[in-house]
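Visitor: Here's a structure for you.
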Amino acid sequence: PHFLVLLLLLLQLILLLPTATTAAIMANFFEKLKLRVEAVDSLLCVGLDPHKAELAEDSAEGAYKFCEQLILETKDVAAAYKPNAAFFEVFGIAGAEALERVLKLIPKEIPIVLDAKRGDIGSTSEAYARAAYETLNCDSVTVSPYLGGDACSPFLKDKTKGAWVLCKTSNPGSADLQTMEVAEGKPLYLHVAELCCNTWAKEHNNAGLVVGATDVEALRRVRAVLPNVWFLSPGVGAQGGDLAAALEAGLSADGLGMLLPISRGISKASDRRAAAEAFRKDINAVREAKKKAA
């Protein structure tokens with residue numbers, strides 16, 4: 001009898017929750033992301049990168065205030081936020097505390113991408129995963145695949161969390177290793193993409209790939225073999241990536257499948273809200289054109 005009473009109470013609680021909230025609680029990470037994308041009609045991921053040159057005060061508090069204002073001005077159009085751990089770690093303990101405070105400012109329905117590029121032997125990766133998912137309560141984290149599947153595994157165990165695995169990064173030096181051929185005509189980044197999504201993350205399908213907007217050909221090739229996987233595609237704005245070309249190559253057939261992180265392109269604007277809205281508008285114009293063409 002007690003079990004039935006508890007079950008009925010739980011069912012009543014679920015029925016009282018808003019539909020989107022209920023779905024987000026039960027969803028895997030990419031389902032939650034899709035809910036947010038659809039709610040605000042946006043693929044814009046706002047980067048929280050408190051560069052020293054942009055801070056009114058070069059301190060942990062300065063970094064916090066910088067992010068606080070950026071979140072306030074962009075939360076209506078952000079599909080996600082991507083805080084870069086390095087810009088907080090530089091301030092030591094105070095920086096770690098500032099990062100925790102910043103994360104609490106982000107509305108619960110907006111997914112968080114912790115940009116920390118973790119990856120180590122199994123037990124160390126377990127600790128990194130706990131730090132990102134439990135201590136900081138982030139929804140997802142960037143991960144390096146260089147140590148192999150056992151190093152990535154701890155970030156993929158919880159279906160409600162997501163790992164963005166480095167595949168073809170946006171920096172010029174990415175070609176030093178990532179474009180090396182591992183088989184005839186097959187670059188390393190393509191091998192990483194298939195191995196990660198078809199093997200390592202097969203159980204929960206909770207891995208996305210970091211494929212930079214600066215390499216349109218890589219976006220095209222990875223999308224061809226993985227039509228439904230989400231990409232985190234930095235490089236638009238300060239790094240010179242062509243927004244329209246990147247979207248044409250990387251969007252999935254339904255006009256989704258890409259998250260575009262932009263930081264300085266928004267944070268350095270005289271009107272940050274307007275800049276974020278302009279990026280969303282430009283992104284959506286390409287999405288609509290692609291959907292019509294399909």
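Here, A, B, ... name the chains of the structure tokens in the order displayed, residue numbers run from 1 inside each chain, and ligands are numbered from 1 in the same displayed order.
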Could you pull the residues within 8 Å of stretch 51-55 of chain A, counting only C-alpha atoms, minus those fewer than 6 positions along the same chain, as a PDB file with N, CA, C and O atoms, in the first residue's frame?

Guide:
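Result saved to out_39.pdb:
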```pdb
ATOM      1  N   GLY A  62      36.196  40.308 -11.505  1.00  0.00           N
ATOM      2  CA  GLY A  62      36.041  40.929 -12.816  1.00  0.00           C
ATOM      3  C   GLY A  62      35.524  39.942 -13.846  1.00  0.00           C
ATOM      4  O   GLY A  62      34.675  40.286 -14.683  1.00  0.00           O
ATOM      5  N   ALA A  63      36.029  38.700 -13.785  1.00  0.00           N
ATOM      6  CA  ALA A  63      35.567  37.649 -14.698  1.00  0.00           C
ATOM      7  C   ALA A  63      34.104  37.328 -14.443  1.00  0.00           C
ATOM      8  O   ALA A  63      33.311  37.142 -15.384  1.00  0.00           O
ATOM      9  N   PHE A  66      31.884  40.176 -15.785  1.00  0.00           N
ATOM     10  CA  PHE A  66      31.880  40.131 -17.241  1.00  0.00           C
ATOM     11  C   PHE A  66      30.855  39.099 -17.724  1.00  0.00           C
ATOM     12  O   PHE A  66      30.022  39.379 -18.601  1.00  0.00           O
ATOM     13  N   PHE A  87      39.955  30.446 -18.286  1.00  0.00           N
ATOM     14  CA  PHE A  87      39.892  31.855 -17.920  1.00  0.00           C
ATOM     15  C   PHE A  87      39.466  32.069 -16.463  1.00  0.00           C
ATOM     16  O   PHE A  87      39.546  33.182 -15.947  1.00  0.00           O
ATOM     17  N   LYS A 268      32.584  41.730 -27.549  1.00  0.00           N
ATOM     18  CA  LYS A 268      33.255  42.975 -27.922  1.00  0.00           C
ATOM     19  C   LYS A 268      32.332  43.963 -28.626  1.00  0.00           C
ATOM     20  O   LYS A 268      32.742  45.094 -28.920  1.00  0.00           O
TER      21      LYS A 268
END
```

Visitor: Tell me, as a ChimeraX atom specification, which residues lie within 7 Å of A:Leu43, counting only C-alpha atoms; anything in the same chain fewer than 5 positions away does not count.

Guide: /A:37,79,258-260

Visitor: Next, write the just-selected residues to a file, as a short mmCIF file (atom, residue, chain, number, x, y, z; two decimals), in the first residue's frame, keeping N, CA and C atoms as the atom set.

Guide:
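Resulting contents of out-v4.cif:
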```
data_model
loop_
_atom_site.label_atom_id
_atom_site.label_comp_id
_atom_site.auth_asym_id
_atom_site.auth_seq_id
_atom_site.Cartn_x
_atom_site.Cartn_y
_atom_site.Cartn_z
N VAL A 37 16.87 24.50 -28.32
CA VAL A 37 17.03 25.06 -29.67
C VAL A 37 15.66 25.42 -30.25
N ALA A 79 21.10 29.25 -27.24
CA ALA A 79 20.71 27.84 -27.18
C ALA A 79 21.51 27.13 -26.11
N MET A 258 24.00 21.44 -35.40
CA MET A 258 25.20 22.26 -35.16
C MET A 258 24.93 23.28 -34.06
N LEU A 259 25.92 23.45 -33.21
CA LEU A 259 25.89 24.48 -32.18
C LEU A 259 27.07 25.40 -32.48
N LEU A 260 26.79 26.69 -32.66
CA LEU A 260 27.82 27.64 -33.08
C LEU A 260 28.27 28.49 -31.90
#
```

Visitor: Go through A:Thr142, A:Ser123, A:Ser170, A:Asn284 and flag the residue nearest A:Gly255, using only C-alpha atoms for the distances.

Guide: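 Counting only C-alpha atoms, the residue closest to A:Gly255 is A:Asn284.
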
Visitor: One decimal, Å: what's the distance from atom CA of A:Glu73 over to atom CA of A:Leu166, could you say?

Guide: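 We find that atom CA of A:Glu73 and atom CA of A:Leu166 lie 29.2 Å from each other.
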
Visitor: If you count only C-alpha atoms, which residues fall within 10 Å of A:Pro172, apart from same-chain ones fewer than 3 positions away, as a PyMOL selection string?

Guide: chain A and resi 169+175-176+214-215+239

Visitor: Kindly save the residues from that selection, with C-alpha atoms included, as a PDB file, in the first residue's frame.

Guide:
```pdb
ATOM      1  CA  THR A 169      39.475  21.641 -34.239  1.00  0.00           C
ATOM      2  CA  ALA A 175      46.426  19.932 -39.427  1.00  0.00           C
ATOM      3  CA  ASP A 176      49.638  18.791 -37.685  1.00  0.00           C
ATOM      4  CA  THR A 214      37.127  27.072 -40.123  1.00  0.00           C
ATOM      5  CA  ASP A 215      37.298  23.789 -42.084  1.00  0.00           C
ATOM      6  CA  GLN A 239      38.914  33.055 -35.938  1.00  0.00           C
TER       7      GLN A 239
END
```

Visitor: Which residues are near A:Asn28? Cut-off 6 Å, only C-alpha atoms, ignore same chain within fewer than 3 positions. Put them as a list in words.

Guide: Glu31, Lys159 and Thr160 of chain A

Visitor: For each of A:Val141, A:Leu147, A:Leu44, A:Val225, take the minimum atom-to-atom distance to A:Leu247, counting only C-alpha atoms, then give the residue where this is smallest.

Guide: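 Of all the options, A:Leu44 lies closest to A:Leu247.
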
Visitor: Near A:Tyr81, within 12 Å and counting only C-alpha atoms, which residues show up once chain neighbours fewer than 3 positions away are dropped, as a ChimeraX atom specification?

Guide: /A:33,36,43-49,67-68,70-72,74-78,84,102-115,138-141,232,259-263

Visitor: Please report, as a ChimeraX atom specification, each residue of stretch 41-286 of chain A to which DSSP assigns alpha helix (DSSP H) when run on this structure's backbone.

Guide: /A:60-74,86-89,92-105,122-130,149-152,188-195,216-225,243-250,264-267,272-286

Visitor: Could you find all residues in stretch 95-146 of chain A that DSSP calls strand (DSSP E) from the backbone, and write them as number ranges by chain?

Guide: A: 113-118, 140-143

Visitor: Generate the output file for the selected residues, N, CA and C atoms, as an mmCIF file, in the first residue's frame.

Guide:
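Written out: result02.cif:
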```cif
data_model
loop_
_atom_site.group_PDB
_atom_site.id
_atom_site.type_symbol
_atom_site.label_atom_id
_atom_site.label_comp_id
_atom_site.auth_asym_id
_atom_site.auth_seq_id
_atom_site.Cartn_x
_atom_site.Cartn_y
_atom_site.Cartn_z
ATOM 1 N N VAL A 113 27.877 23.908 -21.787
ATOM 2 C CA VAL A 113 29.013 23.185 -22.351
ATOM 3 C C VAL A 113 30.259 23.663 -21.606
ATOM 4 N N LEU A 114 30.787 22.844 -20.729
ATOM 5 C CA LEU A 114 32.015 23.213 -20.031
ATOM 6 C C LEU A 114 33.196 22.970 -20.966
ATOM 7 N N ASP A 115 33.863 24.042 -21.361
ATOM 8 C CA ASP A 115 34.988 23.911 -22.280
ATOM 9 C C ASP A 115 36.256 23.704 -21.459
ATOM 10 N N ALA A 116 36.623 22.437 -21.269
ATOM 11 C CA ALA A 116 37.785 22.092 -20.448
ATOM 12 C C ALA A 116 38.709 21.095 -21.137
ATOM 13 N N LYS A 117 38.226 20.480 -22.217
ATOM 14 C CA LYS A 117 39.018 19.538 -23.023
ATOM 15 C C LYS A 117 39.727 18.500 -22.164
ATOM 16 N N ARG A 118 38.934 17.784 -21.377
ATOM 17 C CA ARG A 118 39.469 16.776 -20.470
ATOM 18 C C ARG A 118 39.800 15.479 -21.207
ATOM 19 N N SER A 140 27.311 19.176 -20.182
ATOM 20 C CA SER A 140 28.228 18.555 -21.132
ATOM 21 C C SER A 140 29.616 19.149 -20.958
ATOM 22 N N VAL A 141 30.596 18.487 -21.577
ATOM 23 C CA VAL A 141 31.985 18.928 -21.430
ATOM 24 C C VAL A 141 32.755 18.547 -22.690
ATOM 25 N N THR A 142 33.735 19.366 -23.061
ATOM 26 C CA THR A 142 34.598 19.003 -24.190
ATOM 27 C C THR A 142 35.651 18.001 -23.712
ATOM 28 N N VAL A 143 35.943 17.018 -24.581
ATOM 29 C CA VAL A 143 36.791 15.884 -24.199
ATOM 30 C C VAL A 143 37.797 15.585 -25.315
#
```

Visitor: Give me the residues within 6 Å of A:Gly162 as a compact mmCIF listing (two decimals) with all heavy atoms, in the first residue's frame, counting only C-alpha atoms and dropping any in the same chain fewer than 2 places off.

Guide:
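Writing done, so here's out34.txt:
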```txt
# COMPACT_ATOMS: atom_id res chain seq x y z
N PHE A 29 21.15 14.11 -23.18
CA PHE A 29 21.62 15.50 -23.31
C PHE A 29 21.19 16.15 -24.61
O PHE A 29 20.73 17.30 -24.63
CB PHE A 29 23.15 15.55 -23.20
CG PHE A 29 23.70 16.88 -23.61
CD1 PHE A 29 23.51 18.01 -22.82
CD2 PHE A 29 24.36 17.03 -24.83
CE1 PHE A 29 23.99 19.24 -23.21
CE2 PHE A 29 24.84 18.26 -25.23
CZ PHE A 29 24.65 19.38 -24.42
N SER A 140 27.31 19.18 -20.18
CA SER A 140 28.23 18.55 -21.13
C SER A 140 29.62 19.15 -20.96
O SER A 140 29.79 20.19 -20.31
CB SER A 140 27.74 18.78 -22.57
OG SER A 140 27.78 20.16 -22.92
N ASN A 206 25.27 9.81 -26.79
CA ASN A 206 25.40 11.11 -26.10
C ASN A 206 26.75 11.77 -26.35
O ASN A 206 27.26 12.51 -25.51
CB ASN A 206 25.14 10.96 -24.60
CG ASN A 206 26.06 9.97 -23.92
OD1 ASN A 206 26.62 9.08 -24.55
ND2 ASN A 206 26.23 10.13 -22.62
N ALA A 207 27.33 11.50 -27.53
CA ALA A 207 28.56 12.18 -27.92
C ALA A 207 28.28 13.10 -29.10
O ALA A 207 27.58 12.72 -30.04
CB ALA A 207 29.66 11.19 -28.28
```

Visitor: Could you list, as a VMD selection string, every residue within 9 Å of A:Asp282, counting only C-alpha atoms and ignoring same-chain residues fewer than 4 positions away?

Guide: chain A and resid 243 to 244 277 to 278 286 to 287

Visitor: Do you have the atom CA of A:Lys281-atom CA of A:Ser174 distance handy?

Guide: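 So the two atoms, atom CA of A:Lys281 and atom CA of A:Ser174, lie 29.7 Å apart.
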
Visitor: Determine the nearest neighbour of A:Arg220 from the options A:Ala85, A:Ala201, A:Ala249, A:Ala183, counting only C-alpha atoms.

Guide: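 Among the listed residues, the smallest separation from A:Arg220 belongs to A:Ala249.
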
Visitor: Expressed in Å to a single decimal, how great is the separation between atom CA of A:Leu136 and atom CA of A:Ala269?

Guide: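 Atom-to-atom, atom CA of A:Leu136 and atom CA of A:Ala269 are spaced 29.0 Å apart.
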
Visitor: Pick out the closest residue to A:Glu97 from this set: A:Tyr64, A:Val211, A:Arg130, A:Lys186. Count only C-alpha atoms.

Guide: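 The answer is A:Tyr64, which sits nearest to A:Glu97.
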